[in-house]
Protein chains: 2
Amino acid sequence: MKKSKDYQMMSPEALTMVAERFRLLGEPIRLGILQTLQAGEMSVGEITEAVETSQPNVSKHLKMLQTFDIVSRRQQGNTVYYAIADPSIFELCDVVCGSLQERMESRYNKMQSVFG
Amino acid sequence: MKKSKDYQMMSPEALTMVAERFRLLGEPIRLGILQTLQAGEMSVGEITEAVETSQPNVSKHLKMLQTFDIVSRRQQGNTVYYAIADPSIFELCDVVCGSLQERMESRYNKMQSVFG
DNA sequence: TAGTAATATGATTATAGAGTTATATTAAAT
DNA sequence: ATTTAATATAACTCTATAATCATATTACTA
C-alpha cells in the first residue's frame, strides 16, 4: 500500500482566488483598519483617526475589504459604520505572527550559537 | 469589572512585516509553487514544469520565498532543490479556503432564498 | 433653502513588481 | 578545454495599485 499523502491540487483559478485574498491582507493600512475594527463597529471618521492616512484612502481600502466580504457596511444618517464580517482574518494574522516569531527566535538562537 | 477584550495593537512596523508575509502569498504563481512543493523537495526544473511559467520567473519567485524563510534551498552539483521550510503556509491556505467556501455557501443560500 | 458635515469618487501621479528575453554563472561530462 | 545542462541574474517593459487632491454625493441642521 502506498504511503499516499494525497494533496488536492487546486486549479489555477482557485489559486487566483486564494491569492487575491492574501493580497488583500498584504497592505499595512488595510491590516491597520482591520486591527482597529477588532474593537468593534466604527465609523469611517473614527477609523481614519486610528490609522494614519487620509479619509479618501481609508474609504477606498474599506471598499475593497467590503467587496471581499471581509467587512460589513451600515449607513445611519450621514455616517457609515464598518465592522469585521469575516473573523477568520484574525486567525490568519495569528498564524503569521506565530510564524514570524519562530523565525525571529530561530535567528536569535543562531546568533547565540555563534557568539556563545 | 470591565469586559475587557484587550487587543494588543501592533505597531506600524509589525503590521508591515505581517503584510509583507501576506503579500508574499498573494501571487498565484507563488502559491502554485508552494502547492507543488507540498509533495516534497523538488528541483527548479521540476517546479518549472509543474507551474506554467518560465524558469527565470520561477527562480525569482523561489528567491523571494527563500528570503522570507518559506522555502529552503539545497544545491547538489548543478541542480538546486527547494523545499517547504515553513509549513504554517498550509494552515493559512486552509483558513482562507474555509473562508472562501463559507462565502460561496452564503451566496448560494441567498440565491436559494430568492429563487425558492 | 443654504450651509455644513460625513463619506465616496474621479483624475492623476508615482512606485512596485510580474513577466520576458537574453545572458551570466556554475558544475558536470566528453 | 569545450560543450552541455541547470539555475540565476540583469535590463527592460508593462500593468496594477496606493496615495493624493479636488470634487461629488448624501443627509442633516439652522
# chains A, B, ... in the order shown; residues from 1 in each chain; ligands from 1

call {"tool": "interface_residues", "arguments": {"of": "chain D", "to": "chain A", "cutoff": "8 Å", "atoms": "only C-alpha atoms (C1' of nucleotides)", "output": "PDB file with N, CA and C atoms (P, O5', C5', C4', C3', O3' and C1' of nucleotides), in the first residue's frame"}}
result
ATOM      1  P    DA D  19      -1.394  53.561   0.701  1.00  0.00           P
ATOM      2  O5'  DA D  19      -1.278  55.039   0.152  1.00  0.00           O
ATOM      3  C5'  DA D  19      -0.013  55.539  -0.215  1.00  0.00           C
ATOM      4  C4'  DA D  19      -0.175  56.917  -0.836  1.00  0.00           C
ATOM      5  C3'  DA D  19      -1.094  57.853  -0.049  1.00  0.00           C
ATOM      6  O3'  DA D  19      -0.367  59.013   0.338  1.00  0.00           O
ATOM      7  C1'  DA D  19      -1.682  57.817  -2.363  1.00  0.00           C
ATOM      8  P    DT D  26     -26.523  60.618  -4.301  1.00  0.00           P
ATOM      9  O5'  DT D  26     -26.814  60.550  -2.740  1.00  0.00           O
ATOM     10  C5'  DT D  26     -25.876  59.907  -1.869  1.00  0.00           C
ATOM     11  C4'  DT D  26     -25.993  60.503  -0.492  1.00  0.00           C
ATOM     12  C3'  DT D  26     -27.406  60.914  -0.103  1.00  0.00           C
ATOM     13  O3'  DT D  26     -27.893  59.985   0.848  1.00  0.00           O
ATOM     14  C1'  DT D  26     -25.752  62.474   0.622  1.00  0.00           C
ATOM     15  P    DA D  27     -29.396  60.116   1.455  1.00  0.00           P
ATOM     16  O5'  DA D  27     -29.107  60.936   2.780  1.00  0.00           O
ATOM     17  C5'  DA D  27     -28.232  60.386   3.764  1.00  0.00           C
ATOM     18  C4'  DA D  27     -28.048  61.391   4.882  1.00  0.00           C
ATOM     19  C3'  DA D  27     -29.355  61.912   5.470  1.00  0.00           C
ATOM     20  O3'  DA D  27     -29.215  61.973   6.879  1.00  0.00           O
ATOM     21  C1'  DA D  27     -28.021  63.717   4.798  1.00  0.00           C
ATOM     22  P    DC D  28     -30.563  61.817   7.778  1.00  0.00           P
ATOM     23  O5'  DC D  28     -30.423  63.077   8.754  1.00  0.00           O
ATOM     24  C5'  DC D  28     -29.256  63.147   9.581  1.00  0.00           C
ATOM     25  C4'  DC D  28     -28.763  64.582   9.642  1.00  0.00           C
ATOM     26  C3'  DC D  28     -29.682  65.535  10.411  1.00  0.00           C
ATOM     27  O3'  DC D  28     -29.070  65.886  11.641  1.00  0.00           O
ATOM     28  C1'  DC D  28     -28.752  66.541   8.457  1.00  0.00           C
TER      29       DC D  28
END

call {"tool": "interface_residues", "arguments": {"of": "chain A", "to": "chain B", "cutoff": "8 Å", "atoms": "only C-alpha atoms", "output": "MDAnalysis selection string"}}
result
chainID A and resid 5 7 9 12 15:16 18:28 31:32 35 38:39 69 86 88 91:93 95:97 99:100 103

call {"tool": "select_by_dssp", "arguments": {"residues": "region 2-97 of chain B", "states": "strand (DSSP E or B)", "output": "PyMOL selection string"}}
result
chain B and resi 42-43+71-76+79-84

call {"tool": "write_last_selection", "arguments": {"atoms": "N, CA and C atoms", "output": "PDB file, in the first residue's frame"}}
result
ATOM      1  N   MET B  42      11.998  19.471  -4.362  1.00  0.00           N
ATOM      2  CA  MET B  42      11.931  19.405  -5.807  1.00  0.00           C
ATOM      3  C   MET B  42      12.941  20.358  -6.435  1.00  0.00           C
ATOM      4  N   SER B  43      13.439  19.979  -7.604  1.00  0.00           N
ATOM      5  CA  SER B  43      14.393  20.840  -8.298  1.00  0.00           C
ATOM      6  C   SER B  43      13.672  21.971  -9.017  1.00  0.00           C
ATOM      7  N   VAL B  71      10.721  28.805   1.985  1.00  0.00           N
ATOM      8  CA  VAL B  71      11.301  27.589   1.402  1.00  0.00           C
ATOM      9  C   VAL B  71      12.788  27.539   1.732  1.00  0.00           C
ATOM     10  N   SER B  72      13.339  26.339   1.659  1.00  0.00           N
ATOM     11  CA  SER B  72      14.772  26.164   1.873  1.00  0.00           C
ATOM     12  C   SER B  72      15.426  25.775   0.555  1.00  0.00           C
ATOM     13  N   ARG B  73      16.707  25.999   0.468  1.00  0.00           N
ATOM     14  CA  ARG B  73      17.441  25.755  -0.777  1.00  0.00           C
ATOM     15  C   ARG B  73      18.612  24.817  -0.522  1.00  0.00           C
ATOM     16  N   ARG B  74      18.761  23.841  -1.384  1.00  0.00           N
ATOM     17  CA  ARG B  74      19.866  22.896  -1.239  1.00  0.00           C
ATOM     18  C   ARG B  74      20.442  22.630  -2.623  1.00  0.00           C
ATOM     19  N   GLN B  75      21.707  22.875  -2.765  1.00  0.00           N
ATOM     20  CA  GLN B  75      22.329  22.676  -4.071  1.00  0.00           C
ATOM     21  C   GLN B  75      23.105  21.375  -4.077  1.00  0.00           C
ATOM     22  N   GLN B  76      22.921  20.620  -5.143  1.00  0.00           N
ATOM     23  CA  GLN B  76      23.651  19.363  -5.278  1.00  0.00           C
ATOM     24  C   GLN B  76      24.150  19.292  -6.707  1.00  0.00           C
ATOM     25  N   THR B  79      22.272  21.066  -9.835  1.00  0.00           N
ATOM     26  CA  THR B  79      20.833  21.274  -9.680  1.00  0.00           C
ATOM     27  C   THR B  79      20.507  21.714  -8.257  1.00  0.00           C
ATOM     28  N   VAL B  80      19.466  22.516  -8.146  1.00  0.00           N
ATOM     29  CA  VAL B  80      19.114  23.125  -6.870  1.00  0.00           C
ATOM     30  C   VAL B  80      17.742  22.627  -6.440  1.00  0.00           C
ATOM     31  N   TYR B  81      17.687  22.180  -5.220  1.00  0.00           N
ATOM     32  CA  TYR B  81      16.431  21.651  -4.704  1.00  0.00           C
ATOM     33  C   TYR B  81      15.817  22.608  -3.698  1.00  0.00           C
ATOM     34  N   TYR B  82      14.554  22.814  -3.834  1.00  0.00           N
ATOM     35  CA  TYR B  82      13.828  23.648  -2.881  1.00  0.00           C
ATOM     36  C   TYR B  82      12.809  22.794  -2.134  1.00  0.00           C
ATOM     37  N   ALA B  83      12.519  23.235  -0.929  1.00  0.00           N
ATOM     38  CA  ALA B  83      11.523  22.522  -0.126  1.00  0.00           C
ATOM     39  C   ALA B  83      10.807  23.506   0.790  1.00  0.00           C
ATOM     40  N   ILE B  84       9.625  23.132   1.200  1.00  0.00           N
ATOM     41  CA  ILE B  84       8.896  23.949   2.173  1.00  0.00           C
ATOM     42  C   ILE B  84       9.688  24.026   3.470  1.00  0.00           C
TER      43      ILE B  84
END

call {"tool": "atom_distance", "arguments": {"atom1": "C1' of DT21 (chain C)", "atom2": "C1' of DT4 (chain D)"}}
result
20.6 Å

call {"tool": "closest_atom_pairs", "arguments": {"of": "chain C", "to": "chain B", "cutoff": "8 Å", "atoms": "only C-alpha atoms (C1' of nucleotides)", "output": "JSON lines"}}
result
{"residue": "C:DG19", "atom": "C1'", "partner": "B:Asn57", "partner_atom": "CA", "distance": 7.1}
{"residue": "C:DT26", "atom": "C1'", "partner": "B:Asn78", "partner_atom": "CA", "distance": 6.8}
{"residue": "C:DA27", "atom": "C1'", "partner": "B:Asn78", "partner_atom": "CA", "distance": 5.1}
{"residue": "C:DA28", "atom": "C1'", "partner": "B:Asn78", "partner_atom": "CA", "distance": 7.2}

call {"tool": "write_last_selection", "arguments": {"atoms": "N, CA and C atoms (P, O5', C5', C4', C3', O3' and C1' of nucleotides)", "output": "compact mmCIF listing (two decimals), in the first residue's frame"}}
result
# COMPACT_ATOMS: atom_id res chain seq x y z
P DG C 19 4.06 36.43 -12.96
O5' DG C 19 4.69 36.74 -14.39
C5' DG C 19 3.89 37.37 -15.37
C4' DG C 19 4.77 37.79 -16.54
C3' DG C 19 5.66 36.66 -17.08
O3' DG C 19 5.25 36.36 -18.41
C1' DG C 19 6.89 38.71 -16.79
P DT C 26 30.00 31.72 -10.11
O5' DT C 26 29.72 30.16 -9.95
C5' DT C 26 28.40 29.71 -9.67
C4' DT C 26 28.21 28.31 -10.19
C3' DT C 26 29.44 27.42 -10.07
O3' DT C 26 29.22 26.51 -9.01
C1' DT C 26 28.27 27.11 -12.13
P DA C 27 30.36 25.45 -8.60
O5' DA C 27 29.91 24.17 -9.43
C5' DA C 27 28.58 23.69 -9.28
C4' DA C 27 28.35 22.56 -10.25
C3' DA C 27 29.46 21.49 -10.23
O3' DA C 27 28.85 20.22 -10.26
C1' DA C 27 29.14 22.28 -12.43
P DA C 28 29.69 18.96 -9.73
O5' DA C 28 29.58 17.96 -10.97
C5' DA C 28 28.29 17.50 -11.37
C4' DA C 28 28.26 17.36 -12.87
C3' DA C 28 29.09 16.20 -13.43
O3' DA C 28 28.21 15.24 -13.98
C1' DA C 28 29.34 18.20 -14.71

call {"tool": "residues_around", "arguments": {"residues": "DA22 (chain D)", "least_positions_apart": "2", "cutoff": "12 Å", "atoms": "only C-alpha atoms (C1' of nucleotides)", "output": "PyMOL selection string"}}
result
(chain A and resi 56) or (chain C and resi 9-12) or (chain D and resi 20+24)

call {"tool": "write_last_selection", "arguments": {"atoms": "N, CA and C atoms (P, O5', C5', C4', C3', O3' and C1' of nucleotides)", "output": "compact mmCIF listing (two decimals), in the first residue's frame"}}
result
# COMPACT_ATOMS: atom_id res chain seq x y z
N PRO A 56 -10.04 59.74 2.18
CA PRO A 56 -10.34 59.07 0.91
C PRO A 56 -9.62 57.72 0.79
P DT C 9 -18.33 55.07 -4.06
O5' DT C 9 -17.66 56.10 -5.08
C5' DT C 9 -18.45 57.18 -5.55
C4' DT C 9 -17.61 58.09 -6.42
C3' DT C 9 -16.69 57.38 -7.43
O3' DT C 9 -16.91 57.98 -8.68
C1' DT C 9 -15.48 59.01 -6.24
P DG C 10 -16.48 57.23 -10.01
O5' DG C 10 -15.64 58.37 -10.73
C5' DG C 10 -15.92 59.73 -10.43
C4' DG C 10 -14.87 60.63 -11.05
C3' DG C 10 -13.99 59.97 -12.10
O3' DG C 10 -13.65 60.94 -13.08
C1' DG C 10 -12.65 60.64 -10.25
P DA C 11 -12.77 60.50 -14.33
O5' DA C 11 -11.42 61.28 -14.04
C5' DA C 11 -11.49 62.61 -13.50
C4' DA C 11 -10.09 63.18 -13.35
C3' DA C 11 -9.08 62.64 -14.37
O3' DA C 11 -8.20 63.69 -14.75
C1' DA C 11 -8.37 62.08 -12.17
P DT C 12 -7.04 63.39 -15.77
O5' DT C 12 -5.75 63.25 -14.83
C5' DT C 12 -5.56 64.19 -13.77
C4' DT C 12 -4.38 63.77 -12.92
C3' DT C 12 -3.22 63.14 -13.71
O3' DT C 12 -2.06 63.96 -13.58
C1' DT C 12 -3.71 61.91 -11.74
P DT D 20 -1.13 60.12 1.22
O5' DT D 20 -1.48 61.24 0.14
C5' DT D 20 -0.58 61.47 -0.94
C4' DT D 20 -1.19 62.48 -1.90
C3' DT D 20 -2.12 63.50 -1.24
O3' DT D 20 -1.75 64.80 -1.66
C1' DT D 20 -3.21 62.46 -3.07
P DA D 24 -17.86 68.93 -8.59
O5' DA D 24 -18.74 67.63 -8.40
C5' DA D 24 -18.32 66.41 -9.01
C4' DA D 24 -18.93 65.25 -8.24
C3' DA D 24 -20.41 65.42 -7.93
O3' DA D 24 -21.08 64.22 -8.27
C1' DA D 24 -19.21 64.97 -5.95

call {"tool": "atom_distance", "arguments": {"atom1": "C1' of DA8 (chain C)", "atom2": "CA of Met111 (chain B)"}}
result
28.6 Å
